[in-house]
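What follows is the content of entry.txt (compact mmCIF, C-alpha atoms).
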```
# COMPACT_ATOMS: atom_id res chain seq x y z
CA MET A 1 27.68 13.44 22.23
CA ASN A 2 30.02 10.53 21.48
CA ALA A 3 30.27 8.74 18.16
CA LYS A 4 28.34 5.66 19.36
CA SER A 5 25.42 7.75 20.61
CA LEU A 6 25.37 9.78 17.38
CA LEU A 7 25.28 6.59 15.31
CA SER A 8 22.43 5.22 17.40
CA ASP A 9 20.50 8.46 16.84
CA LYS A 10 21.06 8.16 13.09
CA LYS A 11 19.72 4.60 13.03
CA THR A 12 16.69 5.65 15.06
CA MET A 13 16.04 8.64 12.81
CA LEU A 14 16.32 6.45 9.71
CA PHE A 15 13.77 4.01 11.11
CA ILE A 16 11.42 6.87 12.06
CA VAL A 17 11.61 8.43 8.57
CA LEU A 18 11.06 5.11 6.79
CA SER A 19 8.23 4.25 9.19
CA GLY A 20 6.63 7.64 8.59
CA ILE A 21 6.69 7.11 4.81
CA PHE A 22 5.32 3.59 5.27
CA ILE A 23 2.48 4.49 7.66
CA THR A 24 1.43 7.68 5.85
CA ASN A 25 1.12 5.96 2.48
CA ALA A 26 -0.67 2.94 3.97
CA LEU A 27 -3.25 5.07 5.80
CA ILE A 28 -3.92 7.36 2.83
CA ALA A 29 -4.23 4.34 0.52
CA GLU A 30 -6.87 2.91 2.84
CA ILE A 31 -8.90 6.11 2.91
CA ILE A 32 -8.88 6.73 -0.87
CA GLY A 33 -9.21 3.05 -1.80
CA GLY A 34 -13.00 3.18 -2.08
CA LYS A 35 -12.83 5.21 -5.29
CA ILE A 36 -12.59 3.31 -8.55
CA PHE A 37 -11.08 5.42 -11.33
CA SER A 38 -10.53 5.02 -15.05
CA PHE A 39 -6.81 5.10 -15.78
CA GLU A 40 -7.34 5.58 -19.52
CA GLN A 41 -9.83 8.42 -19.21
CA THR A 42 -7.71 10.12 -16.55
CA LEU A 43 -4.97 10.28 -19.18
CA GLY A 44 -7.45 11.48 -21.80
CA PHE A 45 -7.91 8.19 -23.71
CA GLU A 46 -10.94 6.03 -24.39
CA PRO A 47 -11.22 2.77 -22.37
CA LEU A 48 -9.41 -0.15 -24.02
CA ASP A 49 -12.41 -2.52 -23.78
CA ILE A 50 -10.43 -5.76 -24.01
CA PRO A 51 -12.78 -8.81 -24.09
CA LEU A 52 -12.37 -10.99 -21.01
CA PHE A 53 -14.51 -13.69 -19.37
CA GLY A 54 -17.11 -13.90 -22.11
CA ASP A 55 -18.97 -10.64 -22.66
CA PHE A 56 -17.17 -8.79 -19.89
CA LEU A 57 -14.81 -6.07 -21.14
CA ILE A 58 -11.62 -5.38 -19.23
CA GLN A 59 -10.75 -1.73 -18.77
CA PHE A 60 -8.08 -0.11 -16.64
CA ASN A 61 -10.50 0.68 -13.81
CA MET A 62 -8.56 0.60 -10.56
CA THR A 63 -8.91 1.49 -6.91
CA ALA A 64 -7.30 4.83 -6.07
CA GLY A 65 -5.29 3.01 -3.39
CA VAL A 66 -3.06 1.43 -6.05
CA LEU A 67 -1.41 4.82 -6.48
CA LEU A 68 0.31 4.44 -3.12
CA TRP A 69 0.62 0.72 -2.31
CA PRO A 70 3.75 0.26 -4.47
CA VAL A 71 5.44 2.90 -2.30
CA VAL A 72 4.45 0.93 0.81
CA PHE A 73 5.95 -2.29 -0.49
CA ILE A 74 9.10 -0.59 -1.76
CA THR A 75 9.55 0.99 1.67
CA THR A 76 9.06 -2.46 3.19
CA ASP A 77 12.01 -3.72 1.16
CA ILE A 78 14.23 -0.84 2.28
CA ILE A 79 13.31 -1.45 5.95
CA ASN A 80 13.92 -5.15 5.35
CA GLU A 81 17.33 -4.42 3.89
CA TYR A 82 18.61 -2.45 6.90
CA PHE A 83 16.48 -3.57 9.85
CA GLY A 84 15.55 -7.13 8.87
CA LYS A 85 12.43 -9.12 9.68
CA LYS A 86 12.13 -7.63 13.17
CA GLY A 87 11.99 -4.13 11.77
CA VAL A 88 9.33 -5.03 9.20
CA ARG A 89 7.25 -6.92 11.76
CA LYS A 90 7.42 -3.98 14.17
CA ILE A 91 6.25 -1.41 11.65
CA THR A 92 3.63 -3.81 10.23
CA PHE A 93 2.00 -4.32 13.63
CA ILE A 94 2.12 -0.59 14.40
CA THR A 95 0.49 0.17 11.03
CA VAL A 96 -2.19 -2.49 11.52
CA GLY A 97 -2.99 -0.95 14.91
CA LEU A 98 -3.24 2.55 13.42
CA ILE A 99 -5.40 1.36 10.53
CA ALA A 100 -7.70 -0.40 13.02
CA TYR A 101 -7.83 2.85 15.01
CA ALA A 102 -8.81 4.71 11.82
CA PHE A 103 -11.51 2.08 11.23
CA VAL A 104 -13.02 2.71 14.67
CA ALA A 105 -12.76 6.51 14.30
CA ILE A 106 -14.54 6.45 10.92
CA TYR A 107 -17.24 4.11 12.27
CA LEU A 108 -17.89 6.40 15.22
CA ALA A 109 -17.96 9.47 12.95
CA MET A 110 -20.69 7.80 10.89
CA LYS A 111 -22.78 7.28 14.04
CA LEU A 112 -22.71 10.95 15.03
CA VAL A 113 -26.07 12.73 14.55
CA PRO A 114 -25.62 15.40 11.83
CA ALA A 115 -26.31 19.03 12.77
CA GLU A 116 -29.40 20.49 11.14
CA PHE A 117 -27.60 23.61 9.89
CA TRP A 118 -24.97 21.41 8.19
CA LEU A 119 -27.70 19.47 6.37
CA ASN A 120 -29.51 22.71 5.42
CA VAL A 121 -26.39 24.53 4.19
CA ASN A 122 -25.58 21.53 1.99
CA ALA A 123 -29.18 20.71 1.02
CA VAL A 124 -28.56 21.42 -2.67
CA ASN A 125 -25.58 20.90 -4.93
CA GLU A 126 -24.01 23.46 -7.27
CA ASN A 127 -26.72 22.71 -9.87
CA GLY A 128 -29.53 23.43 -7.42
CA GLU A 129 -30.51 19.76 -7.10
CA ALA A 130 -31.47 18.17 -3.76
CA PHE A 131 -28.46 16.72 -2.01
CA ASP A 132 -28.15 14.71 1.21
CA ILE A 133 -24.61 15.34 2.40
CA ASN A 134 -24.90 12.97 5.36
CA TYR A 135 -25.98 10.14 3.06
CA ALA A 136 -23.04 10.89 0.76
CA PHE A 137 -20.69 11.00 3.76
CA GLU A 138 -21.88 7.63 5.04
CA LYS A 139 -21.98 6.06 1.58
CA VAL A 140 -18.36 6.95 0.88
CA LEU A 141 -17.13 5.96 4.33
CA THR A 142 -19.10 2.70 4.44
CA GLN A 143 -17.29 1.60 1.31
CA GLY A 144 -14.12 2.91 2.93
CA LEU A 145 -14.71 0.69 5.96
CA ASN A 146 -15.03 -2.36 3.73
CA ILE A 147 -11.78 -1.39 2.04
CA ILE A 148 -10.02 -0.88 5.38
CA PHE A 149 -11.15 -4.25 6.72
CA ALA A 150 -10.23 -6.05 3.51
CA SER A 151 -6.93 -4.22 3.29
CA LEU A 152 -6.00 -5.21 6.83
CA VAL A 153 -6.34 -8.84 5.83
CA ALA A 154 -4.50 -8.38 2.54
CA PHE A 155 -1.89 -6.08 4.11
CA VAL A 156 -0.82 -8.55 6.79
CA ILE A 157 -0.69 -11.45 4.33
CA GLY A 158 1.14 -9.33 1.73
CA GLN A 159 3.70 -8.03 4.22
CA PHE A 160 4.70 -11.45 5.49
CA VAL A 161 4.85 -12.84 1.95
CA ASP A 162 7.02 -9.88 0.93
CA VAL A 163 9.44 -10.51 3.81
CA PHE A 164 9.56 -14.25 3.14
CA VAL A 165 10.27 -13.88 -0.59
CA PHE A 166 12.74 -11.04 0.01
CA HIS A 167 14.89 -13.13 2.35
CA LYS A 168 14.69 -16.22 0.15
CA LEU A 169 15.98 -14.17 -2.78
CA ARG A 170 18.58 -12.56 -0.55
CA LYS A 171 20.01 -15.99 0.27
CA ILE A 172 20.42 -16.57 -3.46
CA THR A 173 21.72 -13.12 -4.48
CA GLY A 174 23.75 -12.18 -1.41
CA LYS A 175 24.54 -8.44 -1.37
CA LYS A 176 24.19 -8.21 -5.15
CA LYS A 177 21.10 -7.67 -7.29
CA ILE A 178 19.10 -5.46 -4.95
CA TRP A 179 16.61 -4.95 -7.77
CA LEU A 180 15.87 -8.68 -8.01
CA ARG A 181 15.03 -9.34 -4.37
CA ALA A 182 13.20 -6.02 -3.89
CA THR A 183 11.20 -6.07 -7.11
CA GLY A 184 10.64 -9.84 -6.98
CA SER A 185 9.26 -9.78 -3.43
CA THR A 186 7.08 -6.75 -4.23
CA LEU A 187 5.59 -8.37 -7.34
CA VAL A 188 4.71 -11.58 -5.47
CA SER A 189 3.24 -9.80 -2.44
CA GLN A 190 1.24 -7.35 -4.55
CA LEU A 191 -0.23 -10.16 -6.62
CA ILE A 192 -1.75 -11.51 -3.41
CA ASP A 193 -2.69 -8.07 -2.11
CA SER A 194 -4.42 -7.07 -5.36
CA PHE A 195 -6.90 -9.94 -5.29
CA VAL A 196 -7.42 -10.52 -1.56
CA VAL A 197 -8.53 -6.93 -0.91
CA LEU A 198 -10.95 -6.90 -3.85
CA PHE A 199 -12.49 -10.28 -3.03
CA VAL A 200 -13.08 -9.33 0.60
CA ALA A 201 -14.17 -5.69 0.10
CA PHE A 202 -16.18 -5.87 -3.10
CA TYR A 203 -17.27 -9.50 -3.47
CA PHE A 204 -17.83 -10.85 0.05
CA LEU A 205 -18.79 -7.47 1.55
CA GLY A 206 -19.98 -5.74 -1.63
CA PRO A 207 -22.10 -6.16 -4.76
CA TRP A 208 -19.42 -7.08 -7.31
CA SER A 209 -19.42 -10.24 -9.39
CA ILE A 210 -16.44 -12.59 -9.65
CA THR A 211 -15.69 -11.32 -13.17
CA GLN A 212 -15.61 -7.71 -11.99
CA VAL A 213 -13.25 -8.62 -9.17
CA LEU A 214 -10.96 -10.54 -11.54
CA ALA A 215 -11.01 -7.79 -14.16
CA VAL A 216 -10.19 -4.98 -11.72
CA GLY A 217 -7.69 -7.22 -9.91
CA ILE A 218 -5.83 -7.94 -13.14
CA THR A 219 -5.66 -4.26 -14.11
CA ASN A 220 -4.60 -3.31 -10.58
CA TYR A 221 -1.80 -5.84 -10.70
CA ILE A 222 -0.64 -4.80 -14.17
CA TYR A 223 -0.37 -1.23 -12.87
CA LYS A 224 1.46 -2.34 -9.71
CA PHE A 225 3.79 -4.52 -11.80
CA VAL A 226 4.75 -1.63 -14.07
CA ILE A 227 5.13 0.81 -11.16
CA ALA A 228 7.19 -1.66 -9.09
CA VAL A 229 9.59 -2.13 -12.00
CA GLY A 230 9.61 1.61 -12.68
CA LEU A 231 10.45 2.41 -9.06
CA THR A 232 13.49 0.12 -9.08
CA PRO A 233 15.96 3.01 -9.64
CA LEU A 234 14.59 4.63 -6.47
CA LEU A 235 15.90 1.65 -4.50
CA TYR A 236 19.44 2.42 -5.60
CA ILE A 237 18.95 6.12 -4.91
CA ALA A 238 17.60 5.28 -1.44
CA HIS A 239 20.55 2.97 -0.79
CA TYR A 240 22.99 5.66 -1.87
CA ILE A 241 21.40 8.28 0.40
CA ILE A 242 21.13 5.92 3.39
CA ASP A 243 24.66 4.56 2.97
CA ASN A 244 26.05 8.10 2.91
CA TYR A 245 23.89 9.14 5.86
CA LEU A 246 24.93 6.20 8.06
CA GLY A 247 28.39 5.71 6.63
CA LYS A 248 29.17 2.78 4.33
CA GLU A 249 30.68 0.65 7.09
CA THR A 250 27.67 1.03 9.38
CA ALA A 251 25.22 0.49 6.53
CA HIS A 252 27.08 -2.68 5.55
CA GLU A 253 27.00 -3.96 9.13
CA MET A 254 23.25 -3.31 9.38
CA MET A 255 22.60 -5.12 6.11
CA GLU A 256 24.72 -8.07 7.22
CA SER A 257 22.89 -8.23 10.55
CA ALA A 258 19.52 -8.03 8.79
CA SER A 259 20.46 -10.84 6.40
CA ARG A 260 21.41 -13.16 9.29
CA GLU A 261 17.80 -13.06 10.50
CA SER A 262 16.65 -15.00 7.44
```

Written as structure tokens, how would this file's structure read?
Amino acid sequence: MNAKSLLSDKKTMLFIVLSGIFITNALIAEIIGGKIFSFEQTLGFEPLDIPLFGDFLIQFNMTAGVLLWPVVFITTDIINEYFGKKGVRKITFITVGLIAYAFVAIYLAMKLVPAEFWLNVNAVNENGEAFDINYAFEKVLTQGLNIIFASLVAFVIGQFVDVFVFHKLRKITGKKKIWLRATGSTLVSQLIDSFVVLFVAFYFLGPWSITQVLAVGITNYIYKFVIAVGLTPLLYIAHYIIDNYLGKETAHEMMESASRES
């Protein structure tokens, strides 16, 4: 195998690994996004109960999907850095297609007639109380479908905003200040993502009020803001690993080529 072929294989492998991280986190975030959890109580603290919007108290109640979306947007920035807009667009469209596929698969699973023995075996819970496992299955997945649909809308908007802001900042910073263009683009795109998905999934398609959407959206974004800033060192670690894997000259050429797309 000659050097040119080996280098091409390395670039392909890098894109596959980054795409795998991107798609896996996006799909899992969609599936677990229907659960709303208490951040404070998970850590063993009482809810903060900060007054907001009149009598409504803001607590750090967030969708479980926020655990993984910062990883998705950080990975977007790394793909953007080495493969440019074309690379991000390619993986975005592939991910949208796979999420849509998951949507159809979950919908069809909900339409399957449950087996009697499955209902009977799970007819009571661990406390001996009556339990309808098929109802629970459909209840969880119905909310999941709303999340998936809403996230598709928010995901596409967020991705293109992330790319746009990233390249605008790149024009200003050049090769320097990776943290500024990566973190800046992530913070802007996640601000949009945080509220679009909640408005669509829980307000337009669900029972939430505007104040609930705003309260959860604010806490989601505060979390994403902190995590995005906290993950900044990982960008430099990722750059170090990738540059050594590809070779500094090749990595530099890829970054230069990616920047010329803007």

Legend entry - Minimum-distance residue to Tyr236 of chain A, chosen among A:Lys177, A:Ser185, A:Ala215, A:Ser194 (using all atoms listed in the file):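 Of the candidates, the smallest distance to Tyr236 of chain A is held by A:Lys177.
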
Legend entry - Proximity to Tyr223 of chain A - best of A:Ile210, A:Leu169, A:Leu187, A:Ile148, all atoms listed in the file: A:Leu187

Put the listed atoms of segment 95-111 of chain A in a box along x, y and z with 5 Å added on every side and give me the centre and edge lengths in Å to one decimal, as AutoDock Vina command-line options.
```
--center_x -11.1 --center_y 3.5 --center_z 12.9 --size_x 33.3 --size_y 22.0 --size_z 14.7
```

Inset, instruction - For Ala182 of chain A, list every protein, DNA or RNA residue within 7 Å, evaluated using only C-alpha atoms, and leave out those in the same chain fewer than 4 positions away; present the list as a PyMOL selection string. - result: chain A and resi 77+166+178+186

Inset, instruction - Please return, as JSON, numbers by chain, all polymer residues that have at least one atom within 7 Å of the point (5.9, -4.2, 3.4); use all atoms listed in the file and the file's own coordinate frame. - result: {"A": [72, 73, 75, 76, 77, 88, 159, 162]}

Export of prior selection with C-alpha atoms as a PDB file, in the coordinates of the input:
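The file below, part_4.pdb, is the result:
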```pdb
ATOM      1  CA  VAL A  72       4.450   0.930   0.810  1.00  0.00           C
ATOM      2  CA  PHE A  73       5.950  -2.290  -0.490  1.00  0.00           C
ATOM      3  CA  THR A  75       9.550   0.990   1.670  1.00  0.00           C
ATOM      4  CA  THR A  76       9.060  -2.460   3.190  1.00  0.00           C
ATOM      5  CA  ASP A  77      12.010  -3.720   1.160  1.00  0.00           C
ATOM      6  CA  VAL A  88       9.330  -5.030   9.200  1.00  0.00           C
ATOM      7  CA  GLN A 159       3.700  -8.030   4.220  1.00  0.00           C
ATOM      8  CA  ASP A 162       7.020  -9.880   0.930  1.00  0.00           C
TER       9      ASP A 162
END
```

Inset, instruction - Grab the atom CA of Gly44 of chain A to atom CA of Asn220 of chain A distance for me, in Å with one decimal place. - result: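 Straight-line distance from atom CA of Gly44 of chain A to atom CA of Asn220 of chain A works out to 18.8 Å.
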
When you get a chance, write out all heavy atoms for segment 236-247 of chain A, as a PDB file, in the frame of the given file.
```pdb
ATOM      1  N   TYR A 236      18.005   2.126  -5.571  1.00  0.00           N
ATOM      2  CA  TYR A 236      19.440   2.420  -5.600  1.00  0.00           C
ATOM      3  C   TYR A 236      19.715   3.841  -5.102  1.00  0.00           C
ATOM      4  O   TYR A 236      20.721   4.075  -4.420  1.00  0.00           O
ATOM      5  CB  TYR A 236      19.973   2.225  -7.017  1.00  0.00           C
ATOM      6  CG  TYR A 236      20.037   0.766  -7.407  1.00  0.00           C
ATOM      7  CD1 TYR A 236      18.949   0.139  -8.013  1.00  0.00           C
ATOM      8  CD2 TYR A 236      21.172   0.008  -7.150  1.00  0.00           C
ATOM      9  CE1 TYR A 236      18.993  -1.207  -8.356  1.00  0.00           C
ATOM     10  CE2 TYR A 236      21.235  -1.340  -7.492  1.00  0.00           C
ATOM     11  CZ  TYR A 236      20.143  -1.939  -8.090  1.00  0.00           C
ATOM     12  OH  TYR A 236      20.191  -3.284  -8.413  1.00  0.00           O
ATOM     13  N   ILE A 237      18.803   4.757  -5.418  1.00  0.00           N
ATOM     14  CA  ILE A 237      18.950   6.120  -4.910  1.00  0.00           C
ATOM     15  C   ILE A 237      18.820   6.127  -3.388  1.00  0.00           C
ATOM     16  O   ILE A 237      19.598   6.779  -2.677  1.00  0.00           O
ATOM     17  CB  ILE A 237      17.900   7.052  -5.553  1.00  0.00           C
ATOM     18  CG1 ILE A 237      18.153   7.187  -7.059  1.00  0.00           C
ATOM     19  CG2 ILE A 237      17.915   8.427  -4.886  1.00  0.00           C
ATOM     20  CD1 ILE A 237      17.061   7.938  -7.798  1.00  0.00           C
ATOM     21  N   ALA A 238      17.809   5.379  -2.886  1.00  0.00           N
ATOM     22  CA  ALA A 238      17.600   5.280  -1.440  1.00  0.00           C
ATOM     23  C   ALA A 238      18.809   4.665  -0.754  1.00  0.00           C
ATOM     24  O   ALA A 238      19.256   5.143   0.297  1.00  0.00           O
ATOM     25  CB  ALA A 238      16.345   4.466  -1.133  1.00  0.00           C
ATOM     26  N   HIS A 239      19.357   3.607  -1.352  1.00  0.00           N
ATOM     27  CA  HIS A 239      20.550   2.970  -0.790  1.00  0.00           C
ATOM     28  C   HIS A 239      21.718   3.942  -0.756  1.00  0.00           C
ATOM     29  O   HIS A 239      22.467   3.987   0.234  1.00  0.00           O
ATOM     30  CB  HIS A 239      20.920   1.725  -1.611  1.00  0.00           C
ATOM     31  CG  HIS A 239      20.292   0.475  -1.116  1.00  0.00           C
ATOM     32  ND1 HIS A 239      20.892  -0.330  -0.173  1.00  0.00           N
ATOM     33  CD2 HIS A 239      19.119  -0.118  -1.422  1.00  0.00           C
ATOM     34  CE1 HIS A 239      20.109  -1.368   0.082  1.00  0.00           C
ATOM     35  NE2 HIS A 239      19.022  -1.257  -0.662  1.00  0.00           N
ATOM     36  N   TYR A 240      21.883   4.693  -1.802  1.00  0.00           N
ATOM     37  CA  TYR A 240      22.990   5.660  -1.870  1.00  0.00           C
ATOM     38  C   TYR A 240      22.862   6.710  -0.773  1.00  0.00           C
ATOM     39  O   TYR A 240      23.838   7.021  -0.071  1.00  0.00           O
ATOM     40  CB  TYR A 240      22.996   6.324  -3.253  1.00  0.00           C
ATOM     41  CG  TYR A 240      24.049   7.402  -3.404  1.00  0.00           C
ATOM     42  CD1 TYR A 240      25.380   7.071  -3.671  1.00  0.00           C
ATOM     43  CD2 TYR A 240      23.710   8.751  -3.260  1.00  0.00           C
ATOM     44  CE1 TYR A 240      26.351   8.067  -3.797  1.00  0.00           C
ATOM     45  CE2 TYR A 240      24.664   9.743  -3.387  1.00  0.00           C
ATOM     46  CZ  TYR A 240      25.988   9.393  -3.659  1.00  0.00           C
ATOM     47  OH  TYR A 240      26.944  10.371  -3.776  1.00  0.00           O
ATOM     48  N   ILE A 241      21.630   7.247  -0.615  1.00  0.00           N
ATOM     49  CA  ILE A 241      21.400   8.280   0.400  1.00  0.00           C
ATOM     50  C   ILE A 241      21.603   7.718   1.801  1.00  0.00           C
ATOM     51  O   ILE A 241      22.268   8.334   2.649  1.00  0.00           O
ATOM     52  CB  ILE A 241      19.970   8.857   0.252  1.00  0.00           C
ATOM     53  CG1 ILE A 241      19.844   9.615  -1.076  1.00  0.00           C
ATOM     54  CG2 ILE A 241      19.640   9.785   1.421  1.00  0.00           C
ATOM     55  CD1 ILE A 241      18.423  10.054  -1.393  1.00  0.00           C
ATOM     56  N   ILE A 242      21.030   6.529   2.050  1.00  0.00           N
ATOM     57  CA  ILE A 242      21.130   5.920   3.390  1.00  0.00           C
ATOM     58  C   ILE A 242      22.572   5.542   3.714  1.00  0.00           C
ATOM     59  O   ILE A 242      23.046   5.772   4.830  1.00  0.00           O
ATOM     60  CB  ILE A 242      20.205   4.690   3.481  1.00  0.00           C
ATOM     61  CG1 ILE A 242      18.746   5.132   3.428  1.00  0.00           C
ATOM     62  CG2 ILE A 242      20.465   3.906   4.776  1.00  0.00           C
ATOM     63  CD1 ILE A 242      17.752   3.991   3.300  1.00  0.00           C
ATOM     64  N   ASP A 243      23.268   4.956   2.739  1.00  0.00           N
ATOM     65  CA  ASP A 243      24.660   4.560   2.970  1.00  0.00           C
ATOM     66  C   ASP A 243      25.534   5.764   3.303  1.00  0.00           C
ATOM     67  O   ASP A 243      26.422   5.690   4.151  1.00  0.00           O
ATOM     68  CB  ASP A 243      25.225   3.834   1.749  1.00  0.00           C
ATOM     69  CG  ASP A 243      24.628   2.440   1.581  1.00  0.00           C
ATOM     70  OD1 ASP A 243      23.845   2.027   2.450  1.00  0.00           O
ATOM     71  OD2 ASP A 243      24.929   1.777   0.570  1.00  0.00           O
ATOM     72  N   ASN A 244      25.281   6.893   2.634  1.00  0.00           N
ATOM     73  CA  ASN A 244      26.050   8.100   2.910  1.00  0.00           C
ATOM     74  C   ASN A 244      25.646   8.731   4.245  1.00  0.00           C
ATOM     75  O   ASN A 244      26.485   9.315   4.936  1.00  0.00           O
ATOM     76  CB  ASN A 244      25.885   9.118   1.777  1.00  0.00           C
ATOM     77  CG  ASN A 244      26.768   8.790   0.583  1.00  0.00           C
ATOM     78  OD1 ASN A 244      27.949   9.130   0.556  1.00  0.00           O
ATOM     79  ND2 ASN A 244      26.201   8.117  -0.399  1.00  0.00           N
ATOM     80  N   TYR A 245      24.375   8.594   4.600  1.00  0.00           N
ATOM     81  CA  TYR A 245      23.890   9.140   5.860  1.00  0.00           C
ATOM     82  C   TYR A 245      24.460   8.359   7.052  1.00  0.00           C
ATOM     83  O   TYR A 245      24.928   8.952   8.033  1.00  0.00           O
ATOM     84  CB  TYR A 245      22.358   9.084   5.885  1.00  0.00           C
ATOM     85  CG  TYR A 245      21.732   9.472   7.198  1.00  0.00           C
ATOM     86  CD1 TYR A 245      21.786  10.785   7.666  1.00  0.00           C
ATOM     87  CD2 TYR A 245      21.063   8.515   7.976  1.00  0.00           C
ATOM     88  CE1 TYR A 245      21.200  11.139   8.872  1.00  0.00           C
ATOM     89  CE2 TYR A 245      20.473   8.866   9.185  1.00  0.00           C
ATOM     90  CZ  TYR A 245      20.548  10.165   9.632  1.00  0.00           C
ATOM     91  OH  TYR A 245      19.964  10.522  10.832  1.00  0.00           O
ATOM     92  N   LEU A 246      24.444   7.044   6.965  1.00  0.00           N
ATOM     93  CA  LEU A 246      24.930   6.200   8.060  1.00  0.00           C
ATOM     94  C   LEU A 246      26.442   6.017   8.022  1.00  0.00           C
ATOM     95  O   LEU A 246      27.075   5.806   9.065  1.00  0.00           O
ATOM     96  CB  LEU A 246      24.271   4.816   7.989  1.00  0.00           C
ATOM     97  CG  LEU A 246      22.759   4.742   8.211  1.00  0.00           C
ATOM     98  CD1 LEU A 246      22.270   3.329   7.917  1.00  0.00           C
ATOM     99  CD2 LEU A 246      22.394   5.146   9.638  1.00  0.00           C
ATOM    100  N   GLY A 247      26.994   6.095   6.827  1.00  0.00           N
ATOM    101  CA  GLY A 247      28.390   5.710   6.630  1.00  0.00           C
ATOM    102  C   GLY A 247      28.389   4.299   6.051  1.00  0.00           C
ATOM    103  O   GLY A 247      27.618   3.433   6.499  1.00  0.00           O
TER     104      GLY A 247
END
```
